[in-house]
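Novice: My questions all concern the structure below.
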Amino acid sequence: MSSTIWSVDEHLEDILAAVRPLEPIELQLPDAQGCVLVEDVVVEVALPPFDNSSMDGYAVRVSDVEGAGEEFPAVLTVVGDVAAGDGGLADGRSLAPGEAARIMTGAPLPEGAEAVVPVEWTDGGTGGGPATAMRAHSEAPEGASGEVRVHRPVKAGAHVRTRGSDVRPGDLALRAGSVVGPAQIGLLAAIGRAAVKVRPRPRVVVLSTGSELAQPGEELTGGRIYDSNSFALTAAARDAGAIAYRVPAVADDAETLRATIEDQLIRADIVVTTGGVSVGAYDVVKEALSSLGHAPGDAAEDAEGDTDEPAGGVDFRKLAMQPGKPQGFGSIGPDHTPLLALPGNPVSSYVSFELFVRPAIRTLMGLDDVHRPKVRATLAMDEALSSPSGRRQFLRGRYDAEAGTVTPVGGSGSHLIAALAQADALIVLPEDTTSAEPGTETEVILLR
């Protein structure tokens, strides 16, 4: 472990300088969800591609229903049905004066029609009062003929979705850098795109170390605790946009840990370990990873061909922060896969993930903004908060956006996971702050 004390910003800068966005690939729409576009998507077909009805009703000429009312309805001859998926009226005929076509939502407006009268503004072809709905064509095919009484006039274009009213050919549908979510997939499908060029979601392997760790559901024996870190960090990686794989806890054996990590490299764009990075006799992450290669700063030299030995290695550091003082970062394996080694205390590992791993994942995705949003908020509590001199402290808190305040949750202990579950923000106390009084304004990192 290096004797140098690194600042939070220096450590993060070192990580982001070594992490590069993943190479773009073309993916089918269902597989592109959560990925980032690497090129602009331009519309090639109008949306909607033709004038169509936004209501179930009757396609009419405006002049034929001018002045229509319930006492003196306009009586029109029904010449057919136009359903969604049809090309228009049968035989491609146009709507003549005095005629109407029964039309369904989404169906193309027939030639000659200028507007759509909702079925509720008519008698539905029954000869009675206002209709509430159309009868199914299979039950009453005669509804596509006969007469219909229209009780209200309409203006040209009423209840019609015109061609290109959403987007037109040549319009920019989505910009490069956009995250492909459900709405974006819907738009891409609507304009006929079956695949897009994106950066794939990073694959993150998460593993905890420690012979004391048991899996949830197992019976605890003396001296053992449940492994919570690997579950929390795997969920956090997925929340950040990654595909995450959780590896069951590895015992305190350097050879076993080294072999486990090497086995996982085939499915990893980044590896995250938790535990085993402090100064104890059983902190095996340092033992297992320190011997894998060179320190991170040597990787670029090796990559330029100065040696045939694969570049890599993990540098273990002390950071001027609380919680999360011991950290490790480097690259391992033939592909120089980034590895971040986080502390084992639950709060320390989670805070470290938010500060260092999440930005690395978002960088791999190719996003421009890789950080959680930050705001300024007023401390709302009864007593002053203390903070160690020379360290940047991160306390759990609950943020009230309306009041502009943040309230500490739980204490500063790095094992207090219950308080972490209640928090939605991190309260940041700078290195030169040893005490923060109620009412002090401070930086807050929003977690949700």
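A note on labels: chains of the structure tokens are A, B, ... as shown, every chain counts residues from 1, and ligands are counted from 1 in their shown order.
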List every residue of region 153-329 of chain A that DSSP, applied to the backbone of this structure, assigns to strand (DSSP E), and report them as a PyMOL selection string.

Specialist: chain A and resi 160-161+172-174+195-199+203-209+213-214+225-226+243-250+270-274+313-319+321-322+326-329

Novice: Do a neighbour search on Thr132 (chain A) at 12 Å with only C-alpha atoms, toss out local chain neighbours closer than 6 positions, and write the hits as a PDB file with N, CA, C and O atoms, in the first residue's frame.

Specialist:
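The resulting file, around-v4.pdb, is shown below:
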ATOM      1  N   ASP A  56     -62.871   6.713 -33.111  1.00  0.00           N
ATOM      2  CA  ASP A  56     -63.852   5.861 -33.797  1.00  0.00           C
ATOM      3  C   ASP A  56     -65.027   6.749 -34.181  1.00  0.00           C
ATOM      4  O   ASP A  56     -65.575   7.462 -33.328  1.00  0.00           O
ATOM      5  N   GLY A  57     -65.388   6.746 -35.445  1.00  0.00           N
ATOM      6  CA  GLY A  57     -66.473   7.619 -35.873  1.00  0.00           C
ATOM      7  C   GLY A  57     -66.727   7.521 -37.359  1.00  0.00           C
ATOM      8  O   GLY A  57     -66.675   6.424 -37.929  1.00  0.00           O
ATOM      9  N   PRO A 118     -66.758  12.040 -34.283  1.00  0.00           N
ATOM     10  CA  PRO A 118     -66.797  10.948 -33.313  1.00  0.00           C
ATOM     11  C   PRO A 118     -68.167  10.271 -33.315  1.00  0.00           C
ATOM     12  O   PRO A 118     -69.200  10.925 -33.526  1.00  0.00           O
ATOM     13  N   VAL A 119     -68.170   8.954 -33.077  1.00  0.00           N
ATOM     14  CA  VAL A 119     -69.428   8.207 -33.115  1.00  0.00           C
ATOM     15  C   VAL A 119     -70.435   8.762 -32.114  1.00  0.00           C
ATOM     16  O   VAL A 119     -71.662   8.713 -32.335  1.00  0.00           O
ATOM     17  N   GLU A 120     -69.929   9.342 -30.997  1.00  0.00           N
ATOM     18  CA  GLU A 120     -70.829   9.879 -29.984  1.00  0.00           C
ATOM     19  C   GLU A 120     -71.582  11.109 -30.478  1.00  0.00           C
ATOM     20  O   GLU A 120     -72.568  11.525 -29.852  1.00  0.00           O
ATOM     21  N   TRP A 121     -71.142  11.715 -31.593  1.00  0.00           N
ATOM     22  CA  TRP A 121     -71.837  12.869 -32.166  1.00  0.00           C
ATOM     23  C   TRP A 121     -72.837  12.439 -33.234  1.00  0.00           C
ATOM     24  O   TRP A 121     -73.353  13.271 -33.975  1.00  0.00           O
ATOM     25  N   THR A 122     -73.093  11.144 -33.309  1.00  0.00           N
ATOM     26  CA  THR A 122     -74.003  10.612 -34.331  1.00  0.00           C
ATOM     27  C   THR A 122     -74.979   9.639 -33.690  1.00  0.00           C
ATOM     28  O   THR A 122     -74.894   9.347 -32.487  1.00  0.00           O
ATOM     29  N   ASP A 123     -75.885   9.132 -34.535  1.00  0.00           N
ATOM     30  CA  ASP A 123     -76.791   8.086 -34.039  1.00  0.00           C
ATOM     31  C   ASP A 123     -76.214   6.700 -34.259  1.00  0.00           C
ATOM     32  O   ASP A 123     -76.875   5.689 -33.982  1.00  0.00           O
ATOM     33  N   GLY A 124     -74.969   6.616 -34.783  1.00  0.00           N
ATOM     34  CA  GLY A 124     -74.334   5.327 -35.016  1.00  0.00           C
ATOM     35  C   GLY A 124     -75.009   4.503 -36.091  1.00  0.00           C
ATOM     36  O   GLY A 124     -74.796   3.292 -36.174  1.00  0.00           O
ATOM     37  N   GLY A 125     -75.838   5.158 -36.914  1.00  0.00           N
ATOM     38  CA  GLY A 125     -76.526   4.436 -37.979  1.00  0.00           C
ATOM     39  C   GLY A 125     -77.760   3.689 -37.523  1.00  0.00           C
ATOM     40  O   GLY A 125     -78.347   2.915 -38.285  1.00  0.00           O
ATOM     41  N   THR A 126     -78.218   3.961 -36.283  1.00  0.00           N
ATOM     42  CA  THR A 126     -79.364   3.230 -35.745  1.00  0.00           C
ATOM     43  C   THR A 126     -80.681   3.939 -36.008  1.00  0.00           C
ATOM     44  O   THR A 126     -81.750   3.348 -35.856  1.00  0.00           O
TER      45      THR A 126
END

Novice: Would you list the contacts of Ser165 (chain A) as a list in words, taking every protein, DNA or RNA residue within 7 Å and counting only C-alpha atoms, but skipping same-chain residues closer than 3 positions in sequence?

Specialist: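 Using only C-alpha atoms, the neighbours found are Leu47, Pro48, Arg161 and Thr162 of chain A.
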
Novice: Quick one: pick out all helix (DSSP H, G or I) residues within region 121-368 of chain A from a backbone DSSP run and write them as a VMD selection string.

Specialist: chain A and resid 121 141 to 144 182 to 190 229 to 240 254 to 267 284 to 289 296 to 306 346 to 365

Novice: Just C-alpha atoms for this one: save the residues we selected as an mmCIF file, in the first residue's frame.

Specialist:
data_model
loop_
_atom_site.group_PDB
_atom_site.id
_atom_site.type_symbol
_atom_site.label_atom_id
_atom_site.label_comp_id
_atom_site.auth_asym_id
_atom_site.auth_seq_id
_atom_site.Cartn_x
_atom_site.Cartn_y
_atom_site.Cartn_z
ATOM 1 C CA TRP A 121 -71.837 12.869 -32.166
ATOM 2 C CA PRO A 141 -72.081 -5.748 -40.791
ATOM 3 C CA GLU A 142 -74.981 -3.600 -41.925
ATOM 4 C CA GLY A 143 -73.399 -0.722 -39.956
ATOM 5 C CA ALA A 144 -71.029 -0.217 -42.887
ATOM 6 C CA PRO A 182 -38.461 2.347 -23.306
ATOM 7 C CA ALA A 183 -39.700 5.568 -24.933
ATOM 8 C CA GLN A 184 -36.665 5.740 -27.216
ATOM 9 C CA ILE A 185 -37.142 2.113 -28.257
ATOM 10 C CA GLY A 186 -40.774 2.905 -29.049
ATOM 11 C CA LEU A 187 -39.751 5.845 -31.234
ATOM 12 C CA LEU A 188 -37.065 3.835 -33.022
ATOM 13 C CA ALA A 189 -39.527 1.052 -33.758
ATOM 14 C CA ALA A 190 -42.159 3.549 -34.912
ATOM 15 C CA ASN A 229 -21.914 -6.001 0.295
ATOM 16 C CA SER A 230 -21.982 -8.139 -2.832
ATOM 17 C CA PHE A 231 -25.770 -7.881 -3.008
ATOM 18 C CA ALA A 232 -25.797 -4.112 -2.453
ATOM 19 C CA LEU A 233 -23.008 -3.393 -4.934
ATOM 20 C CA THR A 234 -24.438 -5.695 -7.606
ATOM 21 C CA ALA A 235 -27.733 -3.837 -7.301
ATOM 22 C CA ALA A 236 -25.871 -0.513 -7.390
ATOM 23 C CA ALA A 237 -24.040 -1.555 -10.567
ATOM 24 C CA ARG A 238 -27.340 -2.412 -12.247
ATOM 25 C CA ASP A 239 -28.794 0.876 -11.066
ATOM 26 C CA ALA A 240 -25.834 2.633 -12.706
ATOM 27 C CA ALA A 254 -5.007 -15.470 -1.732
ATOM 28 C CA GLU A 255 -4.682 -18.310 -4.258
ATOM 29 C CA THR A 256 -8.424 -18.993 -4.228
ATOM 30 C CA LEU A 257 -9.205 -15.300 -4.663
ATOM 31 C CA ARG A 258 -6.682 -14.890 -7.473
ATOM 32 C CA ALA A 259 -8.062 -17.922 -9.304
ATOM 33 C CA THR A 260 -11.649 -16.760 -8.817
ATOM 34 C CA ILE A 261 -10.915 -13.320 -10.248
ATOM 35 C CA GLU A 262 -9.011 -14.760 -13.209
ATOM 36 C CA ASP A 263 -11.964 -17.064 -13.964
ATOM 37 C CA GLN A 264 -14.325 -14.074 -13.958
ATOM 38 C CA LEU A 265 -12.328 -11.945 -16.397
ATOM 39 C CA ILE A 266 -13.964 -13.600 -19.400
ATOM 40 C CA ARG A 267 -17.250 -11.852 -18.564
ATOM 41 C CA VAL A 284 -5.929 -11.101 1.219
ATOM 42 C CA VAL A 285 -7.034 -8.821 -1.638
ATOM 43 C CA LYS A 286 -3.740 -6.970 -1.423
ATOM 44 C CA GLU A 287 -1.857 -10.237 -1.201
ATOM 45 C CA ALA A 288 -3.681 -11.743 -4.159
ATOM 46 C CA LEU A 289 -3.616 -8.734 -6.486
ATOM 47 C CA PRO A 296 -1.412 1.352 -12.807
ATOM 48 C CA GLY A 297 1.072 3.969 -13.970
ATOM 49 C CA ASP A 298 3.158 1.286 -15.724
ATOM 50 C CA ALA A 299 0.309 -0.075 -17.815
ATOM 51 C CA ALA A 300 0.631 2.492 -20.606
ATOM 52 C CA GLU A 301 4.362 1.781 -20.904
ATOM 53 C CA ASP A 302 3.715 -1.944 -21.311
ATOM 54 C CA ALA A 303 0.920 -1.309 -23.791
ATOM 55 C CA GLU A 304 3.391 0.530 -26.018
ATOM 56 C CA GLY A 305 5.373 -2.666 -26.409
ATOM 57 C CA ASP A 306 8.323 -2.064 -24.076
ATOM 58 C CA PRO A 346 -20.909 -1.906 4.357
ATOM 59 C CA VAL A 347 -21.150 1.892 4.442
ATOM 60 C CA SER A 348 -17.552 2.304 3.332
ATOM 61 C CA SER A 349 -18.060 0.004 0.353
ATOM 62 C CA TYR A 350 -21.313 1.672 -0.701
ATOM 63 C CA VAL A 351 -19.962 5.219 -0.397
ATOM 64 C CA SER A 352 -16.841 4.154 -2.302
ATOM 65 C CA PHE A 353 -19.001 2.649 -5.035
ATOM 66 C CA GLU A 354 -20.959 5.868 -5.445
ATOM 67 C CA LEU A 355 -17.836 8.024 -5.544
ATOM 68 C CA PHE A 356 -15.572 5.862 -7.704
ATOM 69 C CA VAL A 357 -17.210 2.816 -9.292
ATOM 70 C CA ARG A 358 -20.397 4.449 -10.548
ATOM 71 C CA PRO A 359 -18.509 7.144 -12.487
ATOM 72 C CA ALA A 360 -16.271 4.426 -13.967
ATOM 73 C CA ILE A 361 -19.304 2.438 -15.126
ATOM 74 C CA ARG A 362 -20.901 5.519 -16.632
ATOM 75 C CA THR A 363 -17.622 6.330 -18.400
ATOM 76 C CA LEU A 364 -17.530 2.829 -19.896
ATOM 77 C CA MET A 365 -21.074 3.459 -21.152
#

Novice: Hey, what's within 8 Å of Ala214 (chain A) if we count only C-alpha atoms and toss same-chain stuff fewer than 4 positions away? As a VMD selection string, please?

Specialist: chain A and resid 218 220 224 to 227 249

Novice: Output all heavy atoms of each residue in that selection to a file, as a JSON list (two decimals), in the first residue's frame.

Specialist:
[["chain", "number", "residue", "atom", "x", "y", "z"],
["A", 218, "GLU", "N", -28.61, -18.95, 4.84],
["A", 218, "GLU", "CA", -27.86, -19.96, 5.59],
["A", 218, "GLU", "C", -27.98, -19.69, 7.09],
["A", 218, "GLU", "O", -28.28, -18.57, 7.52],
["A", 218, "GLU", "CB", -26.39, -19.93, 5.19],
["A", 218, "GLU", "CG", -26.11, -20.31, 3.74],
["A", 218, "GLU", "CD", -24.64, -20.21, 3.39],
["A", 218, "GLU", "OE1", -23.83, -19.78, 4.24],
["A", 218, "GLU", "OE2", -24.30, -20.59, 2.25],
["A", 220, "LEU", "N", -26.41, -18.92, 10.57],
["A", 220, "LEU", "CA", -25.19, -18.30, 11.06],
["A", 220, "LEU", "C", -24.59, -19.14, 12.19],
["A", 220, "LEU", "O", -25.29, -19.52, 13.13],
["A", 220, "LEU", "CB", -25.47, -16.89, 11.57],
["A", 220, "LEU", "CG", -25.73, -15.80, 10.53],
["A", 220, "LEU", "CD1", -25.95, -14.46, 11.22],
["A", 220, "LEU", "CD2", -24.57, -15.70, 9.54],
["A", 224, "ARG", "N", -19.71, -15.58, 12.35],
["A", 224, "ARG", "CA", -20.02, -15.33, 10.94],
["A", 224, "ARG", "C", -21.11, -14.25, 10.81],
["A", 224, "ARG", "O", -21.92, -14.04, 11.72],
["A", 224, "ARG", "CB", -20.46, -16.60, 10.23],
["A", 224, "ARG", "CG", -19.47, -17.74, 10.33],
["A", 224, "ARG", "CD", -19.78, -18.83, 9.33],
["A", 224, "ARG", "NE", -19.38, -18.45, 7.98],
["A", 224, "ARG", "CZ", -19.81, -19.07, 6.87],
["A", 224, "ARG", "NH1", -20.67, -20.06, 6.95],
["A", 224, "ARG", "NH2", -19.39, -18.67, 5.70],
["A", 225, "ILE", "N", -21.10, -13.56, 9.69],
["A", 225, "ILE", "CA", -22.12, -12.57, 9.37],
["A", 225, "ILE", "C", -22.58, -12.79, 7.94],
["A", 225, "ILE", "O", -21.91, -13.46, 7.15],
["A", 225, "ILE", "CB", -21.58, -11.12, 9.52],
["A", 225, "ILE", "CG1", -20.39, -10.89, 8.57],
["A", 225, "ILE", "CG2", -21.22, -10.83, 10.96],
["A", 225, "ILE", "CD1", -19.90, -9.46, 8.52],
["A", 226, "TYR", "N", -23.72, -12.23, 7.61],
["A", 226, "TYR", "CA", -24.23, -12.38, 6.25],
["A", 226, "TYR", "C", -23.50, -11.42, 5.30],
["A", 226, "TYR", "O", -23.16, -10.30, 5.66],
["A", 226, "TYR", "CB", -25.73, -12.10, 6.19],
["A", 226, "TYR", "CG", -26.56, -13.19, 6.82],
["A", 226, "TYR", "CD1", -27.44, -12.90, 7.86],
["A", 226, "TYR", "CD2", -26.48, -14.51, 6.37],
["A", 226, "TYR", "CE1", -28.21, -13.90, 8.44],
["A", 226, "TYR", "CE2", -27.25, -15.51, 6.95],
["A", 226, "TYR", "CZ", -28.10, -15.21, 7.98],
["A", 226, "TYR", "OH", -28.86, -16.20, 8.54],
["A", 227, "ASP", "N", -23.26, -11.90, 4.10],
["A", 227, "ASP", "CA", -22.65, -11.08, 3.04],
["A", 227, "ASP", "C", -23.71, -10.14, 2.48],
["A", 227, "ASP", "O", -24.60, -10.55, 1.74],
["A", 227, "ASP", "CB", -22.11, -12.00, 1.94],
["A", 227, "ASP", "CG", -21.64, -11.23, 0.71],
["A", 227, "ASP", "OD1", -21.38, -10.02, 0.85],
["A", 227, "ASP", "OD2", -21.53, -11.85, -0.36],
["A", 249, "ALA", "N", -19.27, -15.07, -1.87],
["A", 249, "ALA", "CA", -18.12, -14.63, -1.09],
["A", 249, "ALA", "C", -16.97, -15.62, -1.16],
["A", 249, "ALA", "O", -17.16, -16.84, -1.11],
["A", 249, "ALA", "CB", -18.54, -14.43, 0.36]]

Novice: Please provide as number ranges by chain all residues within 8 Å of region 152-158 of chain A, with the sequence filter that same-chain residues fewer than 4 positions apart are discarded (counting only C-alpha atoms).

Specialist: A: 62, 65-70, 73, 114-117, 121-122, 162

Novice: Let me make sure I understand: among A:Glu431, A:Glu402, A:Asp253, A:Asp31, which one has the smallest atom-to-atom distance to Asp9 (chain A) if we use only C-alpha atoms?

Specialist: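 Comparing A:Glu431, A:Glu402, A:Asp253, A:Asp31 against Asp9 (chain A), the winner is A:Glu431.
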
Novice: Measuring between only C-alpha atoms, which one of A:Pro108, A:Gly210, A:Pro430, A:Gly313 shows the shortest distance to Val277 (chain A)?

Specialist: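 Of the candidates, the smallest distance to Val277 (chain A) is held by A:Gly210.
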
Novice: Name the residues in contact with Ile191 (chain A) at a cut-off of 12 Å, using only C-alpha atoms, excluding same-chain residues fewer than 4 positions from it; report them as a list of chain:residue names.

Specialist: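 Contacts, in chain order: A:Val41, A:Val42, A:Val43, A:Glu44, A:Val45, A:Ala46, A:Leu47, A:Pro48, A:Pro49, A:Gly164, A:Asp166, A:Val167, A:Arg168, A:Pro169, A:Gly170, A:Asp171, A:Leu172, A:Ala173, A:Leu174, A:Gln184, A:Ile185, A:Gly186, A:Leu187, A:Ala195.
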
Novice: Given only C-alpha atoms as the basis, pick out the residue of A:Thr209, A:Glu99, A:Thr434, A:Thr337 nearest to Ser389 (chain A).

Specialist: A:Thr434
